[in-house]
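Enquirer: Provided herewith is a single structure, encoded as C-alpha cells, for subsequent inquiry.
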Amino acid sequence: MSEFRITNFEQADKALRNNNLRQALYDEGAVLMEKVLVNLHGDEHRARRLVESLVFRRDFFKYYEQEVFPPTLAQTIEPFVAQGRADLVDFGYRVLLNLTADFAGIDRPEKSTDETTALLQMNRTFGQAAVLGQTTRDKEVVRAEIRAALAAFDERFFTPSRRRREELLARHARGEIAEDALPRDILLVLLQHNDELKLSHDVLLKEIAFYLLAGAFTSIHSMTHSMHELLDWLERHPEDRARVKSDPFFLQRCIHESMRLHPSAPVATRKPVCPVHLPAGDAASEDDKVLIDLIAANTDPNVYGPDAAEYNPHRELGKGRPSYGLSFGLGMHACLGRNLAAGVNPMPDTDPATHQYGTVTLICRALVEAGARIDPNDAPRKDTTNTRPNWGYYPVLLGPVAAERVA
C-alpha cells in the first residue's frame, strides 16, 4: 500500500472533486459512521443526498438564521452574560443543540434541564466517532461509549421522534393534515422516501445521530477557533474593534479567514475505488490511501499570498478563490450545511439587514456584543483526547467591563 499526500491547492481541489476517490476519513468510526451519508459512495450516496437536499435549501437556511436561531441564541447567552464568563466549547454545544436537533428531526418534548443535559452528553459522545481515527484513548473503550450513547439516544429521543413523524405522515396520507403541517427535517424526508431508500431502523438511527454531531461538532470548533483568532487580532489591531461591531460583512470575513486556517478535518482521507491517476500524475490503486492536506492547501502561497499561513481578515482574494478555502470540501462530499454555518459571500449591492451570515458569524457577533475577551487568569486548553488541533476548553470573560474593552 502506498500513501499519497496532496498539499497544493489546485491539486487538492481536483482530488476532492474526483468521484473515483471515496471517503475514508471516518473508517475507524464505523460504529456510528458506517452507512451514513458522509461515508456512502456512488449511486447509494447520490440517492440519499438527493432526498436530504430537499431540507438543505437556501430558503430553509435563511429562515433558520433570521427567524429561529436569533431568539435561541439570545436565550442561551443570557445566563452566561449574567455569570460574567463562559467556556466557548460548552457554550457552543448548548447554543447549537436546538438548531441541530430541529433540522435532524429530534423532538425534545420535556424542555427540561435533564433532557437538555442528556442530549448534550449523547452528542458529545457521538462526536468521538468523527475523530476515532485520531483519538488518543483506547479505541474499543470509545466504541463502547458510542454504542451505549446510541442505545440511550434510540430509546429516549430517536424512536419517539420517528413514531411521531410516521403518525403525521399517515395523517397526511389520509388527507387529515396539509403538507405544510409536516416538520421540515432530515428524519421526516427520509421516512417520506424510505420506500425507495429502504433504510433500516439502525441506519436511520445512525444517520440522525451523525447529523446531530456534524451540525454541532464542526461548528463549535469553527466558532472557538474564530473567536481565538478574532480576539488575538483585536489585541494587535485595536483600530479594527469598532469595525468588527459596526460592519457585519467584515465580521463575517473575519470568521471565514479563521475557517480557512482551521478546517474541521485538517486532512481529507480518500481511497480509490479503481485505479486512478492523481492530479500530480501519480497512479493510485484500490489499496492505496490519498491524504488531501487541507491546511497546507488552504495556506498555499500561490493562492492566498506570501502570508497565507497567517490570519489576516483584510486579505485580498483572487477571483474565484473561496474565502474559507477548501474547508467545506468539494464534489460529492461537499458539506451540505455550509451555507447554514458560513452563510454566503455578500455582493456589492447586498443589504446587510437581509444577508445570510451563517450561524458561526451570528454566534461570534453575539459574543463580541457581550464583550467577550480572554480570561487572563484562566488559560484555554487544547483537546487532548485526539490529535486534531482543536480547543477543549476556552474560557472568556463576558459582561460590562469586557464590553467596554471591545467597544
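By convention in this document, the chains of the C-alpha cells carry letters A, B, ... by their order, each chain's residues are numbered from 1, and ligands are numbered from 1 in the order they are shown.
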Would you list the contacts of range 84-87 of chain A as an NGL selection string, taking every protein, DNA or RNA residue within 6 Å and counting only C-alpha atoms, but skipping same-chain residues closer than 4 positions in sequence?
Expert: :A and (80 or 91 or 394-399)
Enquirer: Grab the residues selected above and save them as a short mmCIF file (atom, residue, chain, number, x, y, z; two decimals), in the first residue's frame with N, CA, C and O atoms.
Expert:
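Written out: result-v4.cif:
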```cif
data_model
loop_
_atom_site.label_atom_id
_atom_site.label_comp_id
_atom_site.auth_asym_id
_atom_site.auth_seq_id
_atom_site.Cartn_x
_atom_site.Cartn_y
_atom_site.Cartn_z
N PHE A 80 -25.03 33.17 30.64
CA PHE A 80 -23.57 33.26 30.63
C PHE A 80 -23.12 34.70 30.85
O PHE A 80 -22.15 34.97 31.56
N PHE A 91 -20.47 26.44 25.70
CA PHE A 91 -21.47 27.37 25.20
C PHE A 91 -21.88 27.01 23.78
O PHE A 91 -23.07 27.03 23.42
N TYR A 394 -12.11 26.76 26.43
CA TYR A 394 -11.72 28.11 26.06
C TYR A 394 -12.57 29.12 26.85
O TYR A 394 -13.64 29.54 26.41
N PRO A 395 -12.07 29.51 28.03
CA PRO A 395 -12.83 30.44 28.86
C PRO A 395 -12.71 31.89 28.37
O PRO A 395 -11.63 32.32 27.93
N VAL A 396 -13.80 32.61 28.42
CA VAL A 396 -13.80 34.04 28.12
C VAL A 396 -14.59 34.77 29.19
O VAL A 396 -15.47 34.20 29.84
N LEU A 397 -14.23 36.02 29.39
CA LEU A 397 -15.00 36.89 30.27
C LEU A 397 -16.07 37.59 29.45
O LEU A 397 -15.86 37.93 28.28
N LEU A 398 -17.22 37.82 30.07
CA LEU A 398 -18.34 38.50 29.42
C LEU A 398 -18.85 39.59 30.34
O LEU A 398 -18.57 39.59 31.54
N GLY A 399 -19.63 40.50 29.79
CA GLY A 399 -20.28 41.49 30.63
C GLY A 399 -19.75 42.90 30.44
O GLY A 399 -18.90 43.15 29.58
#
```
Enquirer: Mind listing the strand (DSSP E) residues of range 131-289 of chain A, per DSSP on the backbone, as a ChimeraX atom specification?
Expert: /A:267-272,276-277,283-284,289
Enquirer: Run DSSP on the backbone and tell me which residues of range 108-292 of chain A come out as helix (DSSP H, G or I); list them as a PyMOL selection string.
Expert: chain A and resi 113-130+132-134+139-173+179-181+186-192+194-197+201-236+238-246+248-261
Enquirer: Find the residues of range 170-251 of chain A that sit at most 8 Å from range 327-350 of chain A; for each, write down the nearest two atoms and how far apart they are in Å, to one decimal. Count only C-alpha atoms. Sort by chain, then by number going up, and give it as JSON lines.
Expert:
```
{"residue": "A:Gly215", "atom": "CA", "partner": "A:Gly337", "partner_atom": "CA", "distance": 7.6}
{"residue": "A:Ser219", "atom": "CA", "partner": "A:Ala341", "partner_atom": "CA", "distance": 6.6}
{"residue": "A:Phe249", "atom": "CA", "partner": "A:Pro346", "partner_atom": "CA", "distance": 7.2}
```
Enquirer: For Cys274 in chain A, which residue among A:Ser53, A:Asn19, A:Gln121, A:Gln252 is the nearest when counting only C-alpha atoms?
Expert: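 With only C-alpha atoms as the atom set, the closest residue is A:Asn19.
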Enquirer: With distances taken over only C-alpha atoms, which residue among A:Thr354, A:Arg165, A:Asn98, A:Ile208 lies nearest Val68 in chain A?
Expert: A:Asn98
Enquirer: Of the residues A:Glu28, A:Glu110, A:Asp154, A:Asp13, which is the one nearest to Val303 in chain A, using only C-alpha atoms?
Expert: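 Among A:Glu28, A:Glu110, A:Asp154, A:Asp13, it is A:Asp13 that comes nearest to Val303 in chain A.
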Enquirer: Name the residues in contact with Ser323 in chain A at a cut-off of 7 Å, using only C-alpha atoms, excluding same-chain residues fewer than 2 positions from it; report them as number ranges by chain.
Expert: A: 256-257, 260, 321, 325
Enquirer: Please determine, counting only C-alpha atoms, which residue among A:Arg58, A:His277, A:Arg22, A:Arg17 has the shortest atom-to-atom distance to Gly42 in chain A.
Expert: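 Nearest to Gly42 in chain A: A:Arg22.
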Enquirer: Please identify every residue of range 245-303 of chain A that has at least one atom no farther than 12 Å from an atom of range 134-152 of chain A, counting only C-alpha atoms, and for each give the shortest atom pair and the distance in Å to one decimal, arranged by chain then increasing number, as a Markdown table.
Expert:
```
| residue | atom | partner | partner_atom | distance |
| --- | --- | --- | --- | --- |
| A:Ala265 | CA | A:Gln134 | CA | 10.4 |
| A:Pro266 | CA | A:Gln134 | CA | 11.0 |
| A:Val267 | CA | A:Gln134 | CA | 11.0 |
```
Enquirer: With N, CA, C and O atoms retained, write the just-selected residues as a compact mmCIF listing (two decimals), in the first residue's frame.
Expert:
```
# COMPACT_ATOMS: atom_id res chain seq x y z
N ALA A 265 -11.62 19.14 9.67
CA ALA A 265 -10.75 17.97 9.47
C ALA A 265 -9.49 18.47 8.77
O ALA A 265 -9.56 18.87 7.60
N PRO A 266 -8.35 18.50 9.44
CA PRO A 266 -7.13 19.02 8.81
C PRO A 266 -6.75 18.29 7.53
O PRO A 266 -6.16 18.87 6.63
N VAL A 267 -7.09 17.00 7.46
CA VAL A 267 -6.76 16.18 6.29
C VAL A 267 -8.01 15.44 5.84
O VAL A 267 -8.73 14.85 6.65
```
Enquirer: For each of A:Glu369, A:Asp202, A:Glu52, A:Asp383, take the minimum atom-to-atom distance to Val189 in chain A, counting only C-alpha atoms, then give the residue where this is smallest.
Expert: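 Closest residue, counting only C-alpha atoms: A:Glu52.
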Enquirer: Mind pulling up the distance from CA of Leu261 in chain A to CA of Asn302 in chain A?
Expert: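 Spanning CA of Asn302 in chain A to CA of Leu261 in chain A is a straight-line distance of 15.4 Å.
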Enquirer: Please provide the set of residues having any atom within 9 Å of Ala268 in chain A, restricted to only C-alpha atoms, with same-chain residues fewer than 5 positions apart removed, written as a PDB file with N, CA and C atoms, in the first residue's frame.
Expert:
```pdb
ATOM      1  N   LEU A  16     -10.554  16.451  -4.538  1.00  0.00           N
ATOM      2  CA  LEU A  16     -11.828  16.458  -3.822  1.00  0.00           C
ATOM      3  C   LEU A  16     -13.009  16.253  -4.761  1.00  0.00           C
ATOM      4  N   GLN A  23     -14.727   8.485   0.273  1.00  0.00           N
ATOM      5  CA  GLN A  23     -14.470   8.986   1.620  1.00  0.00           C
ATOM      6  C   GLN A  23     -13.848   7.882   2.467  1.00  0.00           C
ATOM      7  N   ALA A  24     -12.753   8.185   3.173  1.00  0.00           N
ATOM      8  CA  ALA A  24     -12.121   7.187   4.039  1.00  0.00           C
ATOM      9  C   ALA A  24     -11.707   7.771   5.382  1.00  0.00           C
ATOM     10  N   LEU A  25     -12.083   9.033   5.623  1.00  0.00           N
ATOM     11  CA  LEU A  25     -11.662   9.691   6.863  1.00  0.00           C
ATOM     12  C   LEU A  25     -12.274   9.039   8.092  1.00  0.00           C
ATOM     13  N   VAL A 290      -5.065   8.207  -0.145  1.00  0.00           N
ATOM     14  CA  VAL A 290      -4.786   9.566  -0.600  1.00  0.00           C
ATOM     15  C   VAL A 290      -5.131  10.535   0.520  1.00  0.00           C
ATOM     16  N   LEU A 291      -4.154  11.293   0.956  1.00  0.00           N
ATOM     17  CA  LEU A 291      -4.341  12.283   2.019  1.00  0.00           C
ATOM     18  C   LEU A 291      -4.330  13.680   1.406  1.00  0.00           C
ATOM     19  N   ILE A 292      -5.452  14.358   1.500  1.00  0.00           N
ATOM     20  CA  ILE A 292      -5.557  15.719   0.970  1.00  0.00           C
ATOM     21  C   ILE A 292      -5.379  16.668   2.151  1.00  0.00           C
ATOM     22  N   ASP A 293      -4.212  17.269   2.235  1.00  0.00           N
ATOM     23  CA  ASP A 293      -3.860  18.131   3.358  1.00  0.00           C
ATOM     24  C   ASP A 293      -4.551  19.481   3.194  1.00  0.00           C
ATOM     25  N   LEU A 294      -5.690  19.646   3.883  1.00  0.00           N
ATOM     26  CA  LEU A 294      -6.495  20.853   3.719  1.00  0.00           C
ATOM     27  C   LEU A 294      -5.813  22.078   4.311  1.00  0.00           C
ATOM     28  N   GLY A 329     -15.033  21.235   1.812  1.00  0.00           N
ATOM     29  CA  GLY A 329     -14.973  20.184   0.818  1.00  0.00           C
ATOM     30  C   GLY A 329     -15.541  20.617  -0.522  1.00  0.00           C
TER      31      GLY A 329
END
```
Enquirer: Between CA of Arg373 in chain A and CA of Arg236 in chain A, measure the distance and give it in Å to one decimal.
Expert: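 Interatomic distance here is 13.4 Å.
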Enquirer: With only C-alpha atoms as the basis for distance, which of A:Gly371, A:Pro183, A:Gly320, A:Pro306 is at the shortest distance from Arg162 in chain A?
Expert: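 Selected residue with least distance to Arg162 in chain A: A:Pro183.
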Enquirer: Please provide as a PyMOL selection string all residues within 10 Å of Met33 in chain A, with the sequence filter that same-chain residues fewer than 3 positions apart are discarded (counting only C-alpha atoms).
Expert: chain A and resi 26-30+36-40+126+129-130+203+206-207+209-210
Enquirer: Once you have the residues from the selection above, write them out as a JSON list (two decimals), in the first residue's frame, restricted to N, CA, C and O atoms.
Expert:
```json
[["chain", "number", "residue", "atom", "x", "y", "z"],
["A", 26, "TYR", "N", -13.49, 8.50, 7.92],
["A", 26, "TYR", "CA", -14.24, 8.02, 9.08],
["A", 26, "TYR", "C", -14.31, 6.50, 9.17],
["A", 26, "TYR", "O", -15.18, 5.95, 9.86],
["A", 27, "ASP", "N", -13.43, 5.79, 8.49],
["A", 27, "ASP", "CA", -13.47, 4.33, 8.51],
["A", 27, "ASP", "C", -13.33, 3.78, 9.93],
["A", 27, "ASP", "O", -13.98, 2.79, 10.29],
["A", 28, "GLU", "N", -12.50, 4.41, 10.76],
["A", 28, "GLU", "CA", -12.31, 3.94, 12.13],
["A", 28, "GLU", "C", -13.58, 4.13, 12.97],
["A", 28, "GLU", "O", -13.81, 3.42, 13.94],
["A", 29, "GLY", "N", -14.40, 5.10, 12.59],
["A", 29, "GLY", "CA", -15.60, 5.41, 13.36],
["A", 29, "GLY", "C", -16.84, 4.71, 12.86],
["A", 29, "GLY", "O", -17.96, 5.20, 13.05],
["A", 30, "ALA", "N", -16.67, 3.54, 12.24],
["A", 30, "ALA", "CA", -17.79, 2.82, 11.63],
["A", 30, "ALA", "C", -18.88, 2.48, 12.64],
["A", 30, "ALA", "O", -20.04, 2.28, 12.26],
["A", 36, "VAL", "N", -23.74, 6.03, 6.95],
["A", 36, "VAL", "CA", -24.29, 7.38, 6.97],
["A", 36, "VAL", "C", -23.85, 8.09, 5.69],
["A", 36, "VAL", "O", -22.91, 7.67, 5.01],
["A", 37, "LEU", "N", -24.53, 9.16, 5.35],
["A", 37, "LEU", "CA", -24.33, 9.83, 4.06],
["A", 37, "LEU", "C", -22.87, 10.13, 3.77],
["A", 37, "LEU", "O", -22.39, 9.88, 2.66],
["A", 38, "VAL", "N", -22.14, 10.64, 4.74],
["A", 38, "VAL", "CA", -20.78, 11.07, 4.50],
["A", 38, "VAL", "C", -19.86, 9.92, 4.11],
["A", 38, "VAL", "O", -18.81, 10.14, 3.49],
["A", 39, "ASN", "N", -20.25, 8.68, 4.41],
["A", 39, "ASN", "CA", -19.42, 7.52, 4.10],
["A", 39, "ASN", "C", -19.90, 6.75, 2.87],
["A", 39, "ASN", "O", -19.25, 5.78, 2.47],
["A", 40, "LEU", "N", -21.02, 7.15, 2.30],
["A", 40, "LEU", "CA", -21.54, 6.43, 1.13],
["A", 40, "LEU", "C", -20.80, 6.87, -0.14],
["A", 40, "LEU", "O", -20.15, 7.92, -0.17],
["A", 126, "PHE", "N", -21.20, 11.15, 20.57],
["A", 126, "PHE", "CA", -21.25, 10.90, 19.12],
["A", 126, "PHE", "C", -20.08, 11.57, 18.42],
["A", 126, "PHE", "O", -19.53, 11.03, 17.45],
["A", 129, "ALA", "N", -16.91, 9.71, 17.44],
["A", 129, "ALA", "CA", -16.86, 8.84, 16.26],
["A", 129, "ALA", "C", -16.15, 9.53, 15.10],
["A", 129, "ALA", "O", -15.46, 8.89, 14.31],
["A", 130, "ALA", "N", -16.33, 10.85, 15.01],
["A", 130, "ALA", "CA", -15.73, 11.59, 13.91],
["A", 130, "ALA", "C", -14.22, 11.69, 14.02],
["A", 130, "ALA", "O", -13.53, 11.92, 13.03],
["A", 203, "VAL", "N", -29.81, 2.10, 10.46],
["A", 203, "VAL", "CA", -29.20, 3.09, 9.58],
["A", 203, "VAL", "C", -29.83, 4.46, 9.79],
["A", 203, "VAL", "O", -29.14, 5.49, 9.85],
["A", 206, "LYS", "N", -28.42, 5.95, 13.03],
["A", 206, "LYS", "CA", -27.06, 6.46, 12.90],
["A", 206, "LYS", "C", -27.01, 7.71, 12.02],
["A", 206, "LYS", "O", -26.22, 8.62, 12.27],
["A", 207, "GLU", "N", -27.85, 7.76, 11.00],
["A", 207, "GLU", "CA", -27.87, 8.94, 10.13],
["A", 207, "GLU", "C", -28.28, 10.18, 10.91],
["A", 207, "GLU", "O", -27.66, 11.25, 10.78],
["A", 209, "ALA", "N", -28.12, 10.55, 14.25],
["A", 209, "ALA", "CA", -27.07, 10.82, 15.23],
["A", 209, "ALA", "C", -25.90, 11.54, 14.56],
["A", 209, "ALA", "O", -25.29, 12.44, 15.14],
["A", 210, "PHE", "N", -25.58, 11.13, 13.33],
["A", 210, "PHE", "CA", -24.50, 11.79, 12.59],
["A", 210, "PHE", "C", -24.82, 13.26, 12.35],
["A", 210, "PHE", "O", -23.97, 14.12, 12.49]]
```
Enquirer: What does the structure give for the distance between CA of Glu10 in chain A and CA of Pro275 in chain A, in Å to one decimal?
Expert: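 Spanning CA of Glu10 in chain A to CA of Pro275 in chain A is a straight-line distance of 21.0 Å.
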